[in-house]
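Undergrad: Following this line is structure-v2.cif, made up of mmCIF, C-alpha atoms:
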data_coords
#
loop_
_atom_site.label_atom_id
_atom_site.label_comp_id
_atom_site.auth_asym_id
_atom_site.auth_seq_id
_atom_site.Cartn_x
_atom_site.Cartn_y
_atom_site.Cartn_z
CA MET A 5 -40.54 -48.38 17.54
CA LYS A 6 -38.59 -45.11 17.44
CA ARG A 7 -35.37 -47.11 17.75
CA ILE A 8 -36.32 -49.20 14.69
CA PHE A 9 -37.05 -46.08 12.61
CA ALA A 10 -33.73 -44.56 13.68
CA ILE A 11 -31.83 -47.66 12.55
CA ILE A 12 -33.62 -47.66 9.17
CA TYR A 13 -32.84 -43.95 8.71
CA VAL A 14 -29.10 -44.52 9.37
CA ILE A 15 -29.03 -47.41 6.86
CA LEU A 16 -30.69 -45.27 4.20
CA LEU A 17 -28.21 -42.45 4.77
CA ALA A 18 -25.28 -44.85 4.46
CA ALA A 19 -26.60 -46.22 1.18
CA CYS A 20 -27.27 -42.70 0.00
CA ALA A 21 -23.68 -41.58 0.59
CA GLN A 22 -22.39 -44.23 -1.81
CA SER A 23 -24.52 -43.10 -4.75
CA ASN A 24 -23.82 -40.70 -7.57
CA HIS A 25 -25.93 -39.43 -10.43
CA THR A 26 -23.41 -40.11 -13.21
CA SER A 27 -23.01 -43.26 -15.25
CA TYR A 28 -21.52 -44.28 -18.56
CA ASN A 29 -22.62 -46.86 -21.09
CA GLY A 30 -19.35 -47.58 -22.89
CA LYS A 31 -20.45 -45.81 -26.09
CA GLY A 32 -20.10 -42.25 -24.89
CA ILE A 33 -21.58 -40.37 -22.00
CA SER A 34 -24.97 -41.76 -21.11
CA LYS A 35 -28.12 -39.80 -20.38
CA LEU A 36 -28.28 -38.26 -16.94
CA ARG A 37 -29.65 -40.55 -14.27
CA GLU A 38 -32.03 -39.52 -11.54
CA PRO A 39 -29.82 -37.86 -8.88
CA LEU A 40 -29.66 -39.62 -5.57
CA CYS A 41 -27.56 -38.37 -2.67
CA PRO A 42 -24.69 -35.88 -2.64
CA ALA A 43 -21.18 -37.25 -2.41
CA LEU A 44 -17.99 -36.43 -4.26
CA LEU A 45 -17.74 -40.09 -5.23
CA ALA A 46 -17.67 -41.76 -8.65
CA GLY A 47 -20.21 -44.54 -8.04
CA ASN A 48 -22.96 -46.03 -10.17
CA SER A 49 -26.62 -45.19 -9.68
CA LYS A 50 -29.90 -46.86 -10.52
CA GLU A 51 -32.56 -45.30 -12.68
CA ILE A 52 -35.71 -44.26 -10.85
CA PRO A 53 -38.63 -46.24 -12.34
CA VAL A 54 -41.40 -44.34 -14.09
CA ILE A 55 -44.53 -44.76 -12.00
CA ASN A 56 -47.06 -42.82 -14.03
CA LYS A 57 -47.55 -40.86 -17.24
CA GLU A 58 -47.10 -37.50 -15.50
CA VAL A 59 -43.63 -38.44 -14.21
CA SER A 60 -42.72 -39.78 -17.66
CA LYS A 61 -43.79 -36.50 -19.27
CA GLN A 62 -41.79 -34.47 -16.75
CA LYS A 63 -38.66 -36.51 -17.39
CA THR A 64 -39.05 -36.08 -21.14
CA THR A 65 -39.36 -32.30 -20.70
CA TYR A 66 -36.26 -32.22 -18.51
CA GLU A 67 -34.22 -34.26 -20.98
CA ARG A 68 -35.31 -32.04 -23.85
CA GLU A 69 -34.24 -28.88 -22.02
CA VAL A 70 -30.97 -30.17 -20.55
CA LYS A 71 -29.95 -31.48 -23.98
CA LYS A 72 -29.58 -27.86 -25.09
CA PHE A 73 -26.66 -27.55 -22.67
CA LYS A 74 -24.75 -30.55 -24.05
CA VAL A 75 -21.65 -29.65 -26.04
CA LYS A 76 -22.05 -30.90 -29.61
CA PHE A 77 -19.58 -33.13 -31.40
CA SER A 78 -17.71 -32.06 -34.52
CA SER A 79 -17.42 -34.89 -37.06
CA TYR A 80 -14.56 -35.54 -39.49
CA THR A 81 -14.58 -38.19 -42.23
CA ILE A 82 -11.23 -39.81 -43.06
CA ASP A 83 -9.86 -42.92 -44.77
CA ALA A 84 -8.85 -45.52 -42.19
CA GLN A 85 -6.00 -46.70 -44.44
CA LYS A 86 -4.24 -43.34 -44.65
CA ASP A 87 -2.18 -41.12 -42.34
CA TYR A 88 -3.68 -37.81 -41.26
CA ASP A 89 -2.76 -34.68 -39.35
CA LEU A 90 -6.32 -33.75 -38.48
CA VAL A 91 -7.09 -30.30 -37.09
CA VAL A 92 -10.11 -30.59 -34.77
CA GLY A 93 -12.16 -28.17 -32.73
CA LYS A 94 -11.88 -24.40 -32.83
CA ARG A 95 -8.60 -23.89 -30.98
CA GLY A 96 -5.96 -25.52 -33.17
CA THR A 97 -5.76 -29.01 -31.65
CA ILE A 98 -4.16 -31.58 -33.99
CA LEU A 99 -4.70 -35.36 -34.06
CA HIS A 100 -1.87 -37.36 -35.62
CA ILE A 101 -3.74 -40.40 -36.95
CA TYR A 102 -1.84 -43.34 -38.42
CA LYS A 103 -3.12 -45.67 -41.10
CA ASN A 104 -4.61 -49.05 -40.22
CA SER A 105 -5.09 -48.06 -36.57
CA PHE A 106 -8.77 -48.96 -36.17
CA VAL A 107 -10.71 -52.18 -35.60
CA ASP A 108 -14.35 -53.19 -35.20
CA LYS A 109 -15.90 -54.82 -32.13
CA ASN A 110 -14.51 -58.21 -33.24
CA GLY A 111 -10.97 -56.86 -33.54
CA ASP A 112 -10.96 -56.96 -37.35
CA PRO A 113 -9.22 -54.08 -39.19
CA ILE A 114 -11.44 -51.29 -40.50
CA VAL A 115 -11.30 -50.71 -44.26
CA GLY A 116 -12.75 -47.59 -45.90
CA LYS A 117 -14.13 -44.36 -44.51
CA ILE A 118 -14.58 -43.67 -40.81
CA LYS A 119 -15.85 -40.73 -38.78
CA ILE A 120 -13.82 -39.20 -35.98
CA ARG A 121 -16.03 -37.28 -33.53
CA PHE A 122 -14.52 -34.69 -31.21
CA ARG A 123 -15.81 -32.26 -28.62
CA GLU A 124 -14.15 -30.40 -25.79
CA PHE A 125 -15.17 -28.81 -22.52
CA THR A 126 -13.34 -25.57 -21.82
CA ASN A 127 -15.29 -23.89 -19.01
CA PRO A 128 -17.76 -24.66 -16.18
CA ALA A 129 -20.75 -23.73 -18.36
CA GLU A 130 -19.87 -26.55 -20.77
CA ILE A 131 -19.07 -28.97 -17.93
CA ALA A 132 -22.10 -28.18 -15.75
CA PHE A 133 -24.60 -30.57 -17.36
CA SER A 134 -22.15 -32.83 -19.22
CA ASP A 135 -22.66 -35.81 -16.86
CA ILE A 136 -18.87 -35.98 -16.39
CA PRO A 137 -17.69 -36.36 -12.76
CA MET A 138 -15.00 -33.87 -11.79
CA VAL A 139 -13.54 -35.81 -8.86
CA HIS A 140 -10.65 -38.26 -8.66
CA SER A 141 -10.09 -41.08 -6.16
CA TYR A 142 -6.48 -41.58 -5.08
CA GLU A 143 -5.27 -43.79 -2.24
CA GLY A 144 -8.69 -43.78 -0.62
CA GLU A 145 -9.12 -40.02 -0.74
CA GLU A 146 -11.37 -37.91 -2.98
CA PHE A 147 -9.83 -34.96 -4.85
CA CYS A 148 -11.53 -32.30 -6.96
CA PHE A 149 -10.48 -31.45 -10.51
CA ASN A 150 -9.44 -28.03 -11.76
CA SER A 151 -9.43 -28.61 -15.50
CA ALA A 152 -6.79 -27.32 -17.90
CA GLY A 153 -8.77 -28.85 -20.75
CA MET A 154 -11.14 -31.79 -21.22
CA PHE A 155 -12.28 -33.52 -24.41
CA GLU A 156 -14.16 -36.54 -25.72
CA LEU A 157 -13.02 -38.49 -28.79
CA ARG A 158 -15.13 -41.18 -30.53
CA GLY A 159 -15.08 -43.12 -33.77
CA THR A 160 -17.64 -44.87 -35.99
CA ASP A 161 -17.58 -46.68 -39.33
CA GLU A 162 -19.62 -45.69 -42.39
CA SER A 163 -22.71 -47.44 -41.02
CA GLY A 164 -22.49 -45.64 -37.69
CA GLN A 165 -21.17 -48.63 -35.72
CA GLU A 166 -18.69 -47.92 -32.95
CA ILE A 167 -15.04 -48.58 -33.81
CA PHE A 168 -11.97 -48.90 -31.61
CA ILE A 169 -8.29 -48.03 -31.67
CA GLY A 170 -6.41 -51.28 -32.31
CA ARG A 171 -4.08 -53.02 -29.93
CA ASN A 172 -0.62 -51.40 -29.78
CA LYS A 173 -1.98 -48.48 -31.83
CA ARG A 174 -2.52 -44.89 -30.75
CA ILE A 175 -3.41 -41.37 -31.80
CA ASP A 176 -0.89 -38.68 -30.88
CA MET A 177 -2.42 -35.39 -29.93
CA GLU A 178 -1.16 -31.82 -29.93
CA TYR A 179 -3.62 -30.33 -27.45
CA GLU A 180 -4.03 -26.68 -26.55
CA LEU A 181 -4.65 -26.21 -22.85
CA VAL A 182 -7.43 -23.94 -21.64
CA GLN A 183 -5.32 -22.56 -18.81
CA GLU A 184 -1.76 -22.93 -17.63
CA ILE A 185 -1.75 -24.27 -14.06
CA PRO A 186 0.94 -26.11 -12.08
CA ASN A 187 0.99 -29.85 -11.33
CA THR A 188 -1.22 -30.79 -14.27
CA SER A 189 -1.69 -34.44 -15.22
CA PHE A 190 -3.38 -36.27 -18.09
CA PHE A 191 -6.33 -38.51 -17.13
CA LYS A 192 -8.65 -40.89 -18.95
CA PHE A 193 -12.12 -41.77 -17.71
CA ASN A 194 -12.53 -45.52 -17.21
CA GLU A 195 -16.14 -46.00 -18.24
CA GLU A 196 -16.47 -49.52 -16.81
CA ALA A 197 -15.05 -48.64 -13.39
CA ASN A 198 -16.70 -45.18 -13.51
CA GLN A 199 -13.54 -43.43 -12.35
CA TRP A 200 -10.56 -41.50 -13.67
CA LYS A 201 -7.15 -43.06 -14.28
CA LYS A 202 -3.99 -41.00 -14.46
CA ILE A 203 -1.96 -41.59 -17.62
CA ARG A 204 1.02 -39.28 -17.15
CA ASN A 205 2.20 -35.96 -15.79
CA ILE A 206 2.20 -32.94 -18.07
CA ASP A 207 5.60 -31.39 -17.56
CA ARG A 208 5.83 -27.65 -17.94
CA PRO A 209 8.45 -26.15 -20.24
CA THR A 210 11.59 -24.69 -18.69
CA GLU A 211 11.20 -21.73 -21.03
CA LYS A 212 8.41 -20.57 -23.31
CA VAL A 213 9.05 -21.19 -26.96
CA LEU A 214 9.32 -18.13 -29.17
CA VAL A 215 7.54 -18.68 -32.47
CA GLY A 216 10.06 -17.88 -35.18
CA LYS A 217 10.89 -18.57 -38.80
CA VAL A 218 11.88 -22.24 -38.59
CA PRO A 219 8.95 -24.49 -39.65
CA ILE A 220 7.96 -27.71 -37.95
CA TYR A 221 6.96 -30.37 -40.46
CA ARG A 222 4.71 -33.37 -39.91
CA LYS A 223 4.40 -35.66 -42.91
CA GLY A 224 5.36 -32.85 -45.27
CA ILE A 225 2.86 -30.32 -43.87
CA ILE A 226 3.90 -27.26 -41.90
CA VAL A 227 2.04 -27.52 -38.59
CA GLY A 228 3.95 -24.91 -36.55
CA TRP A 229 7.02 -22.76 -36.14
CA LYS A 230 9.81 -22.71 -33.57
CA GLU A 231 12.90 -20.74 -32.81
CA ASP A 232 15.93 -22.83 -33.75
CA THR A 233 17.87 -22.38 -30.52
CA ILE A 234 19.64 -25.30 -28.84
CA GLY A 235 18.60 -25.89 -25.26
CA LYS A 236 15.12 -24.44 -25.45
CA ASN A 237 12.32 -26.73 -24.35
CA THR A 238 10.11 -27.41 -27.37
CA ALA A 239 7.49 -29.46 -25.56
CA PHE A 240 5.03 -26.62 -26.00
CA TRP A 241 4.34 -24.80 -29.24
CA LYS A 242 1.39 -23.37 -31.10
CA PRO A 243 0.34 -25.10 -34.35
CA ILE A 244 -0.42 -23.26 -37.53
CA PRO A 245 -2.96 -25.60 -39.13
CA LYS A 246 -2.78 -26.16 -42.88
CA LEU A 247 -0.43 -23.23 -43.58
CA ASN A 248 -2.80 -20.79 -41.91
CA THR A 249 -0.66 -17.85 -40.78
CA ASP A 250 -3.21 -16.13 -38.56
CA PHE A 251 -0.92 -16.71 -35.56
CA ALA A 252 1.63 -13.92 -35.33
CA ALA A 253 5.32 -14.81 -35.58
CA GLY A 254 7.21 -13.69 -32.51
CA HIS A 255 4.26 -14.22 -30.12
CA MET A 256 4.56 -16.52 -27.11
CA TYR A 257 2.32 -19.62 -27.26
CA PRO A 258 2.99 -21.78 -24.18
CA GLU A 259 -0.36 -23.58 -23.93
CA LEU A 260 0.04 -26.43 -26.40
CA VAL A 261 1.06 -29.88 -25.17
CA ARG A 262 2.76 -32.17 -27.66
CA ASP A 263 2.12 -35.87 -28.21
CA LEU A 264 -0.53 -36.68 -25.65
CA PRO A 265 -1.15 -40.42 -26.15
CA VAL A 266 -4.70 -41.60 -26.93
CA SER A 267 -4.83 -45.39 -27.10
CA GLN A 268 -8.59 -45.69 -26.62
CA PHE A 269 -11.57 -43.59 -27.58
CA GLY A 270 -13.24 -41.91 -24.63
CA VAL A 271 -13.12 -38.91 -22.29
CA TYR A 272 -9.79 -37.33 -21.35
CA ASN A 273 -8.90 -34.50 -19.00
CA CYS A 274 -5.81 -32.40 -18.30
CA ASP A 275 -6.22 -31.56 -14.64
CA GLN A 276 -4.80 -30.24 -11.45
CA ILE A 277 -6.24 -32.07 -8.43
CA TYR A 278 -6.87 -30.46 -5.05
CA ARG A 279 -8.52 -31.10 -1.71
CA LEU A 280 -11.71 -29.21 -0.98
CA PRO A 281 -10.92 -26.80 1.88
CA ASN A 282 -13.46 -25.46 4.39
CA LEU A 283 -15.70 -28.43 3.63
CA VAL A 284 -19.31 -28.36 4.80
CA SER A 285 -22.38 -30.48 4.10
CA VAL A 286 -25.48 -28.48 3.18
CA LYS A 287 -29.06 -29.67 3.39
CA ALA A 288 -30.67 -27.33 0.90
CA PHE A 289 -34.08 -25.76 0.39
CA TYR A 290 -34.91 -23.43 -2.48
CA LYS A 291 -37.39 -20.58 -2.87
CA ASP A 292 -38.38 -18.97 -6.15
CA ARG A 293 -37.19 -15.39 -5.81
CA LYS A 294 -40.17 -14.09 -7.82
CA THR A 295 -43.01 -15.98 -6.13
CA GLY A 296 -41.47 -16.69 -2.72
CA LYS A 297 -42.68 -20.28 -2.96
CA GLU A 298 -40.54 -23.31 -2.20
CA ILE A 299 -39.52 -25.32 -5.28
CA ASP A 300 -40.12 -29.02 -4.74
CA ASP A 301 -39.55 -30.65 -8.16
CA LEU A 302 -35.82 -30.03 -8.59
CA HIS A 303 -33.91 -32.76 -10.38
CA ILE A 304 -30.19 -31.97 -10.41
CA LEU A 305 -27.77 -29.41 -8.96
CA SER A 306 -24.54 -28.24 -10.54
CA LEU A 307 -22.28 -26.29 -8.19
CA VAL A 308 -19.66 -23.98 -9.70
CA ASP A 309 -16.77 -22.36 -7.83
CA LEU A 310 -16.00 -19.36 -10.04
CA ASP A 311 -12.27 -19.65 -9.24
CA VAL A 312 -12.10 -23.23 -10.53
CA ASN A 313 -12.54 -24.59 -14.05
CA ALA A 314 -15.01 -27.32 -13.12
CA ALA A 315 -18.61 -27.96 -12.10
CA PHE A 316 -19.71 -30.50 -9.48
CA SER A 317 -23.03 -32.32 -9.66
CA PHE A 318 -25.25 -33.36 -6.77
CA GLY A 319 -28.79 -34.25 -5.96
CA PRO A 320 -30.49 -30.92 -5.16
CA LYS A 321 -31.38 -31.67 -1.54
CA MET A 322 -27.84 -32.02 -0.20
CA PHE A 323 -24.41 -30.98 -1.40
CA LEU A 324 -20.83 -30.46 -0.27
CA CYS A 325 -18.90 -27.25 -0.79
CA ASP A 326 -16.09 -24.99 0.36
CA TYR A 327 -18.20 -22.40 2.15
CA LYS A 328 -15.57 -19.70 1.58
CA ALA A 329 -15.45 -20.21 -2.20
CA LYS A 330 -17.17 -18.13 -4.88
CA ASN A 331 -20.01 -20.61 -5.27
CA VAL A 332 -22.99 -20.35 -7.61
CA LEU A 333 -25.81 -22.87 -7.98
CA LEU A 334 -27.47 -24.08 -11.17
CA LEU A 335 -30.55 -26.29 -10.82
CA PHE A 336 -32.77 -28.08 -13.30
CA SER A 337 -36.30 -29.08 -12.33
CA LYS A 338 -38.07 -32.19 -13.55
CA SER A 339 -40.33 -29.94 -15.59
CA GLY A 340 -37.29 -28.52 -17.43
CA ALA A 341 -36.94 -25.15 -15.68
CA LEU A 342 -33.43 -23.81 -15.03
CA TYR A 343 -32.83 -21.92 -11.77
CA TYR A 344 -29.82 -19.89 -10.71
CA ALA A 345 -28.41 -18.62 -7.41
CA ASP A 346 -25.56 -16.18 -7.99
CA GLU A 347 -22.60 -15.68 -5.67
CA ASN A 348 -24.39 -13.02 -3.59
CA SER A 349 -27.45 -15.24 -3.17
CA VAL A 350 -25.31 -18.13 -1.94
CA ARG A 351 -23.40 -15.88 0.45
CA SER A 352 -26.69 -14.51 1.78
CA ALA A 353 -27.45 -17.97 3.15
CA HIS A 354 -24.51 -17.47 5.57
CA ILE A 355 -23.08 -20.97 5.26
CA GLU A 356 -20.44 -21.59 7.94
CA LYS A 357 -21.02 -25.16 9.12
CA ASP A 358 -22.98 -28.31 8.34
CA GLY A 359 -26.71 -27.66 8.44
CA ASP A 360 -29.95 -26.62 6.78
CA TYR A 361 -29.90 -23.60 4.48
CA THR A 362 -32.44 -21.90 2.20
CA PHE A 363 -31.43 -20.32 -1.10
CA ASP A 364 -33.33 -17.78 -3.17
CA VAL A 365 -33.08 -18.82 -6.82
CA THR A 366 -34.14 -17.16 -10.06
CA ASP A 367 -35.82 -18.89 -12.98
CA ILE A 368 -33.56 -18.14 -15.97
CA SER A 369 -35.14 -20.61 -18.40
CA ASP A 370 -36.19 -17.92 -20.87
CA GLN A 371 -32.82 -16.12 -20.87
CA VAL A 372 -30.32 -19.00 -20.83
CA LYS A 373 -30.65 -21.92 -23.24
CA THR A 374 -27.10 -22.73 -24.40
CA PRO A 375 -23.64 -23.26 -22.83
CA GLU A 376 -22.49 -19.98 -24.41
CA GLN A 377 -25.35 -18.02 -22.80
CA LEU A 378 -24.61 -19.73 -19.48
CA LYS A 379 -20.94 -18.78 -19.85
CA ASN A 380 -21.94 -15.15 -20.34
CA LEU A 381 -24.23 -15.27 -17.33
CA LEU A 382 -21.40 -16.57 -15.14
CA LYS A 383 -18.96 -14.02 -16.67
CA LEU A 384 -16.41 -16.73 -17.38
#
So, in terms of structure tokens, how does the structure I just supplied come out?

TA:
Amino acid sequence: MKRIFAIIYVILLAACAQSNHTSYNGKGISKLREPLCPALLAGNSKEIPVINKEVSKQKTTYEREVKKFKVKFSSYTIDAQKDYDLVVGKRGTILHIYKNSFVDKNGDPIVGKIKIRFREFTNPAEIAFSDIPMVHSYEGEEFCFNSAGMFELRGTDESGQEIFIGRNKRIDMEYELVQEIPNTSFFKFNEEANQWKKIRNIDRPTEKVLVGKVPIYRKGIIVGWKEDTIGKNTAFWKPIPKLNTDFAAGHMYPELVRDLPVSQFGVYNCDQIYRLPNLVSVKAFYKDRKTGKEIDDLHILSLVDLDVNAAFSFGPKMFLCDYKAKNVLLLFSKSGALYYADENSVRSAHIEKDGDYTFDVTDISDQVKTPEQLKNLLKL
């Protein structure tokens, strides 16, 4: 009998290792699924069925609270039959949109007004509960992302129906990176395959461009300035949207990437990939620092290495990490409470190898309710 139970246990663990909590529905990032087992894999998961009213109420409370940590879209209304240089977001990113580029679900051209929706994820606090996996599969190996900038771009018609970028059409993007890191590439998330696909490398400039007195025009509008010197690499420059001269002439602006191609709406990421060093598997238990009691209704874990611009999601009971990294833990319970273990609390568990570890966590639900407050807490 013991042999039979052992075989069943091994089978369950094998199935568990192939699961992930993230899924997409083709119309934007879907609601978070019930977390299953920890693995840095981009696989689909199944929703846990609601068995009673109490569980349903708990899930509703969780979804209401975690929604506060979702980055909101900015919406821009344009005419689908006109060209636009559209400044989006808060950091000077420009979309070069060309007329007659959009179609409906049947492939018919869109006529009239459309809405372009844009949001970006610039730090681990914004990524933590975004439902976006920050791992990349390449030649059978799993790599972690260190993001230089991630964004989501969507489109709808006047009635709110999803639209698409037409065949052989594209939006060209002047995108300002969050950080300048070597070996950065441009990725798109394939929502059907639930995995990232590399589009192209992002080549670094041979020399930073000095902003000078020579304007750069796009369709008759000044969008930036460059020094008119032959031989300088002009792949990176800072835009000056709509003749706004807040950016000082003579300053160095190396973070902007020109002409990133967007041929489909979706989620895109500028990333450096890396292997996770000092890898250990942790079976985790959590105690409320205030009450000393074990917390048993946790729903999702987001692990943040403070030296990396990313956040990695797991089921709360087991996770993988670099035990030497500056790790912090963020956990949501089914009842909507947010718990936090800072770097010192994680180090106090003395993780050095695979095994069982207990973490003291603090309920921060009353103090932290937005990505900006979470960013401040993490001192990002």

Undergrad: List the neighbours of Ser78 of chain A out to 9 Å using all atoms listed in the file; skip same-chain residues closer than 6 positions along the sequence, and give me the result as a VMD selection string.

TA: chain A and resid 92 to 93 120 to 123

Undergrad: Return as lines of an AutoDock Vina configuration file the centre and edge lengths, in Å with one decimal, of the box along x, y and z that encloses every atom of segment 124-137 of chain A in the file, padded by 3 Å per side.

TA:
center_x = -19.0
center_y = -30.0
center_z = -19.3
size_x = 17.3
size_y = 18.6
size_z = 19.0

Undergrad: As an exercise, work out the distance from atom CA of Lys86 of chain A to atom CA of Asn172 of chain A in Å and give it to one decimal place.

TA: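 Taking atom CA of Lys86 of chain A and atom CA of Asn172 of chain A, their separation equals 17.3 Å.
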
Undergrad: Leaving out segment 279-282 of chain A and any residue of its chain fewer than 4 positions from it, which residues lie within 7 Å of it when counting all atoms listed in the file, given as a ChimeraX atom specification?

TA: /A:147-148,326-328

Undergrad: Expanded to explicit residues, what is the PyMOL selection byres ((chain A and resi 89) around 6) for this file, as a ChimeraX atom specification?

TA: /A:88,90,99-100

Undergrad: Find, counting all atoms listed in the file, the residue in A:Val107, A:Leu334, A:Leu305, A:Met138 that gets nearest to Arg171 of chain A.

TA: A:Val107

Undergrad: So that I can see what lies close to Ala84 of chain A, please list as an MDAnalysis selection string the residues with an atom at most 6 Å from it, counting only C-alpha atoms and leaving out residues fewer than 6 positions away in the same chain.

TA: chainID A and resid 103:104 116:117

Undergrad: If you keep C-alpha atoms, can you produce a file of those selected residues as a compact mmCIF listing (two decimals), in the frame of the given file?

TA:
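File produced: part.txt:
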# COMPACT_ATOMS: atom_id res chain seq x y z
CA LYS A 103 -3.12 -45.67 -41.10
CA ASN A 104 -4.61 -49.05 -40.22
CA GLY A 116 -12.75 -47.59 -45.90
CA LYS A 117 -14.13 -44.36 -44.51

Undergrad: Could you tell me how far atom CA of Leu283 of chain A lies from atom CA of Ser337 of chain A, in Å and to one decimal?

TA: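 It comes out at 26.1 Å.
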
Undergrad: Quick one: pull the distance between atom CA of Leu307 of chain A and atom CA of Glu180 of chain A, Å, one decimal.

TA: 25.9 Å

Undergrad: Which residues of segment 63-164 of chain A come within 12 Å of segment 376-381 of chain A, and what is each one's closest atom pair and distance in Å (one decimal), counting all atoms listed in the file, sorted by chain and residue number, as a Markdown table?

TA:
| residue | atom | partner | partner_atom | distance |
| --- | --- | --- | --- | --- |
| A:Lys72 | CA | A:Glu376 | CA | 10.6 |
| A:Phe73 | CA | A:Leu378 | CA | 8.7 |
| A:Lys74 | CA | A:Glu376 | CA | 10.8 |
| A:Val75 | CA | A:Glu376 | CA | 9.8 |
| A:Phe125 | CA | A:Glu376 | CA | 11.6 |
| A:Thr126 | CA | A:Lys379 | CA | 10.4 |
| A:Asn127 | CA | A:Lys379 | CA | 7.7 |
| A:Pro128 | CA | A:Lys379 | CA | 7.6 |
| A:Ala129 | CA | A:Lys379 | CA | 5.2 |
| A:Glu130 | CA | A:Lys379 | CA | 7.9 |
| A:Ile131 | CA | A:Lys379 | CA | 10.5 |
| A:Ala132 | CA | A:Leu378 | CA | 9.6 |
| A:Phe133 | CA | A:Leu378 | CA | 11.0 |

Undergrad: Looking at A:Ala315, A:Leu382, A:Val91, A:Ile167, which one is nearest to Ile118 of chain A, with distances taken over all atoms listed in the file?

TA: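 Of A:Ala315, A:Leu382, A:Val91, A:Ile167, the one nearest Ile118 of chain A is A:Ile167, counting all atoms listed in the file.
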
Undergrad: List the residues selected by the PyMOL selection byres ((chain A and resi 338) around 7) in the file shown, writing them as a PyMOL selection string.

TA: chain A and resi 62-63+66+301-303+336-337+339-340

Undergrad: Starting from the displayed file, determine the output of the PyMOL selection byres ((chain A and resi 203) around 12) and express the residue list as a list in words.

TA: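 With the PyMOL selection byres ((chain A and resi 203) around 12) on this model, the match is Thr188, Ser189, Phe190, Phe191, Lys192, Phe193, Asn194, Trp200, Lys201, Lys202, Arg204, Asn205, Ile206, Leu264, Pro265, Val266, Ser267, Gln268, Tyr272, Asn273, Cys274 and Asp275 of chain A.
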
Undergrad: Have a look at A:Gln165, A:Ser105, A:Ser79, A:Asn150 and name the one nearest to Leu310 of chain A; count all atoms listed in the file.

TA: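 Result for the nearest residue to Leu310 of chain A: A:Asn150.
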
Undergrad: Which residue, A:Thr97, A:Ser134, A:Ala314, A:Tyr361, has the smallest gap to Lys71 of chain A when you use all atoms listed in the file?

TA: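 For Lys71 of chain A, the nearest of the candidates is A:Ser134.
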